[in-house]
Amino acid sequence: MDKTTMTARQFLVRKERVGRIFIFKDDRWKKSLKKGATHAILPLLLLVGWQLTGMLGTVSKTVLPTPLDIVQAFYHLAVSGELTTHLKISVFRAAAGFLLGAGLGIVAGIAVGFSTKTEGVLDPTLQMLRTIPHLAVAPLFILWFGFGEASKILLIAKGAFFPIYVNTFLGIRGVDAKLFDVARILHFSQWKKIKLLILPSALPNILLGIRLSLGAAWLALVVAELMGSTEGIGYMMMDARQFSNTDIVFVGIIIFAAVGKLTDSFVRLLEKRLLRWQDTYKGSI
Amino acid sequence: MGVQIHIRDKSFRKGQTTVHALQDIHLEIADGEFVTVIGPSGCGKSTLLKIIAGLDADYNGIVEMNGVPIQGPGTNQGFIFQEHRLFPWLTVEENIAANLSLRDREIRKKVDELIDIVRLKGFEKAYPKELSGGMSQRVSIARALLREPKILLLDEPFSALDAFTRKHLQDVLLEVWRNKRITMILVTHDLDEAVYLGSRVVIMKAKPGRISRIIPIHLPFPRQRAHPSFQEMRQNVLKEFETIEAPPLMEGLGI
């Protein structure tokens with residue numbers, strides 16, 4: 001249909017037609033089931049292959065436990081309550097570190113994005129700090145802040161800070177200059193300029209920054225817990241490795257992967273809701 | 001509101017050379033007049049519009065509105081760009097209101113009225129990505145009108161649209177002009193559009209940008225494009241246009 005001649009009524013009808021997918025529940029179920037099946041094909045095949053290799057006895061169980069062994073280890077850990085204690089403290093550390101790092105990252109990104117002066121003062125130093133690996137500063141952090149929670153949370157914050165800082169900065173500098181002309185013509189106040197123009201325009205980048213920061217926080221958590229701690233998923237894995245309980249190491253890995261994916265999915269859901277207006281290529285087929 | 005334009009010189013540096021975008025532009029526009037400006041590309045017609053809008057203050061001369069020098073963009077001057085320049089993250093009604101609150105009952109009423117005038121009923125909650133080019137440009141017209149400008153500046157507003165949509169929007173614009181008596185200054189490179197809308201057609205030439213001739217169009221509204229008197233006017237403008245169009249083109253080609 002020619003868009004130019006489309007009337008309001010036709011537009012509504014079109015919207016309704018699109019909306020109808022959600023009215024017929026069967027359709028939606030079928031669709032999501034089909035999608036889920038496509039996602040699961042490769043992991044399932046890998047699992048079956050893995051289990052068969054283990055059962056044939058070609059690889060030692062200390063090197064590569066079978067999926068069933070891992071499930072069993074998971075079950076024991078869950079029932080004894082050990083898993084929840086470790087997971088709780090790990091999630092607390094990651095959340096605290098992420099909030100601290102990402103919060104500061106957004107603030108710094110906005111400050112540097114808005115003013116070339118702040119950029120000149122802050123950015124070179126931050127870029128320098130960005131390239132320092134966690135492992136290089138972890139001993140220093142422990143020396144300064146002790147073996148307690150402070151050193152771990154700060155290390156995680158350091159990891160979470162940079163992705164969101166860089167992306168927020170990038171997002172603000174990427175605002176279409178032509179829309180600034182419009183803001184001038186319409187007499188936007190400074191606050192409206194930020195609220196209606198700069199933040200919405202930078203939002204895709206900020207959300208991407210959040211996703212990357214969450215990943216970075218999770219990564220830093222492992223480093224922090226492997227370096228020295230008496231609880232947490234990282235510690236659980238370290239401890240299990242020393243006693244050659246490889247199945248527990250796998251449980252730890254799977255938990256890291258699952259929680260990481262879960263938080264990522266949450267941000268993507270947020271993206272879908274907040275970026276409805278975006279008119280970009282969504283991929284085909 | 002009338003506009004008094006006296007620009008001696010507007011130039012900017014481009015690498016090593018100085019480009020004279022505008023030179024000796026003297027133009028008095030009366031309150032409620034519809035002036036169309038036409039000229040080859042590079043004649044500075046968009047620059048002229050930006051100066052009146054207050055977006056560009058770097059020139060020698062004086063531009064006034066009812067005797068008051070223009071200091072910067074203001075609510076008196078509305079501006080419609082060649083592209084619609086809507087905020088993609090705002091819906092149609094939010095785009096029209098922009099920095100004004102839709103919760104304000106007065107604003108809400110005016111926005112609804114304008115949506116009616118530009119015939120966008122039913123699309124209030126649509127995002128710009130769901131609109132066609134013509135619809136988007138109508139939203140930007142409504143956005144400008146909501147501020148009740150005394151002068152509306154239009155920079156080739158219909159050039160990216162198809163012939164039917166263009167004709168429709170020209171009539172919408174004429175309707176607004178006749179009802180609200182807003183002073184209109186419209187830049188275009190469409191000869192028909194200039195004659196169809198303008199009570200005066202200002203013809204500019206390039207290098208440096210200056211006024212070549214001003215042709216008054218004494219035809220009653222609404223104008224009939226097929227009418228002999230319209231065609232005669234069109235011929236007059238075309239004749240003048242041809243005398244200035246050819247030489248700069250040759251220069252531009254480096255011949």
# chains A, B, ... in the order shown; residues from 1 in each chain; ligands from 1
>>> residues_around(residues="region 201-214 of chain B", least_positions_apart="6", cutoff="10 Å", atoms="only C-alpha atoms", output="number ranges by chain")
B: 7, 9-11, 19-27, 34-45, 47-48, 186-187, 191, 194-195, 237-238, 240-241, 243-245, 247-249, 251
>>> write_last_selection(atoms="C-alpha atoms", output="short mmCIF file (atom, residue, chain, number, x, y, z; two decimals), in the first residue's frame")
data_model
loop_
_atom_site.label_atom_id
_atom_site.label_comp_id
_atom_site.auth_asym_id
_atom_site.auth_seq_id
_atom_site.Cartn_x
_atom_site.Cartn_y
_atom_site.Cartn_z
CA ILE B 7 23.40 42.49 4.61
CA ASP B 9 28.63 40.94 3.30
CA LYS B 10 28.53 37.40 4.61
CA SER B 11 31.62 35.35 3.96
CA VAL B 19 33.89 32.56 -0.09
CA HIS B 20 31.42 35.41 -0.35
CA ALA B 21 28.12 33.71 0.41
CA LEU B 22 26.08 36.91 0.36
CA GLN B 23 26.77 40.45 -0.83
CA ASP B 24 24.62 43.58 -0.69
CA ILE B 25 21.31 42.01 0.08
CA HIS B 26 18.69 44.67 0.68
CA LEU B 27 15.17 43.41 1.08
CA PHE B 34 4.53 35.69 1.26
CA VAL B 35 7.98 35.99 -0.31
CA THR B 36 9.56 33.17 -2.24
CA VAL B 37 13.30 33.08 -2.87
CA ILE B 38 14.64 31.18 -5.84
CA GLY B 39 18.13 30.74 -7.19
CA PRO B 40 20.77 28.26 -8.31
CA SER B 41 22.53 26.14 -5.68
CA GLY B 42 25.28 28.01 -3.90
CA CYS B 43 23.57 31.40 -4.20
CA GLY B 44 23.30 31.68 -0.44
CA LYS B 45 19.53 31.43 -0.16
CA THR B 47 22.33 31.11 4.44
CA LEU B 48 19.99 34.09 4.16
CA LEU B 186 10.11 30.28 1.44
CA VAL B 187 13.31 29.22 -0.27
CA LEU B 191 9.93 27.64 -10.34
CA ALA B 194 7.82 30.09 -6.31
CA VAL B 195 5.15 31.55 -8.61
CA VAL B 237 10.61 34.40 -13.89
CA LEU B 238 12.08 31.71 -16.11
CA GLU B 240 15.29 36.07 -15.63
CA PHE B 241 16.37 32.76 -14.21
CA THR B 243 20.14 34.72 -17.72
CA ILE B 244 21.75 33.92 -14.39
CA GLU B 245 21.64 30.15 -14.44
CA PRO B 247 27.26 31.32 -16.50
CA PRO B 248 27.79 29.96 -12.97
CA LEU B 249 27.21 26.46 -14.27
CA GLU B 251 32.31 28.28 -14.04
#
>>> select_by_dssp(residues="region 7-228 of chain B", states="alpha helix (DSSP H)", output="ChimeraX atom specification")
/B:45-53,92-97,105-117,133-146,163-180,191-197,228
>>> closest_atom_pairs(of="chain B", to="chain A", cutoff="8 Å", atoms="only C-alpha atoms", output="tab-separated table")
residue	atom	partner	partner_atom	distance
B:Ala53	CA	A:Ile185	CA	7.7
B:Leu55	CA	A:Asp181	CA	7.8
B:Pro73	CA	A:Ile185	CA	5.5
B:Gly74	CA	A:His187	CA	6.7
B:Thr75	CA	A:Leu186	CA	7.1
B:Gln77	CA	A:Ile185	CA	7.9
B:Gly78	CA	A:Ile185	CA	7.1
B:Phe79	CA	A:Ile185	CA	6.9
B:Arg85	CA	A:Leu179	CA	6.4
B:Leu86	CA	A:Leu179	CA	7.9
B:Phe87	CA	A:Leu179	CA	7.6
B:Pro88	CA	A:Trp277	CA	6.2
B:Trp89	CA	A:Trp277	CA	5.1
B:Leu90	CA	A:Trp277	CA	7.6
B:Ala98	CA	A:Leu196	CA	7.7
B:Asn99	CA	A:Phe188	CA	6.2
B:Leu120	CA	A:Ala8	CA	7.3
B:Lys121	CA	A:Ala8	CA	6.4
B:Gly122	CA	A:Ala8	CA	4.8
B:Phe123	CA	A:Ala8	CA	6.4
B:Tyr127	CA	A:Trp277	CA	6.1
B:Pro128	CA	A:Trp277	CA	7.8
B:Lys129	CA	A:Asp279	CA	6.0
B:Leu131	CA	A:Lys3	CA	7.5
B:Ser132	CA	A:Thr4	CA	5.8
B:Gly133	CA	A:Thr4	CA	7.7
B:Gly134	CA	A:Thr4	CA	6.7
B:Met135	CA	A:Thr4	CA	7.2
B:Thr165	CA	A:Thr4	CA	7.6
>>> select_by_dssp(residues="region 25-119 of chain B", states="strand (DSSP E)", output="list in words")
Ile25, His26, Leu27, Glu28, Ile29, Phe34, Val35, Thr36, Val37, Ile38, Asn60, Gly61, Ile62, Val63, Glu64, Met65, Val68, Pro69, Gln77, Gly78, Phe79 and Ile80 of chain B
>>> atom_distance(atom1="CA of Gln4 (chain B)", atom2="CA of Ile51 (chain B)")
11.9 Å
>>> atom_distance(atom1="CA of Asn95 (chain B)", atom2="CA of Ala142 (chain B)")
9.2 Å
>>> residues_around(residues="region 168-171 of chain B", least_positions_apart="6", cutoff="9 Å", atoms="only C-alpha atoms", output="list in words")
Val118, Gly134, Gln137, Arg138, Phe158, Glu193, Tyr196, Leu197 and Pro222 of chain B
>>> atom_distance(atom1="CA of Leu207 (chain A)", atom2="CA of Gly171 (chain A)")
10.0 Å
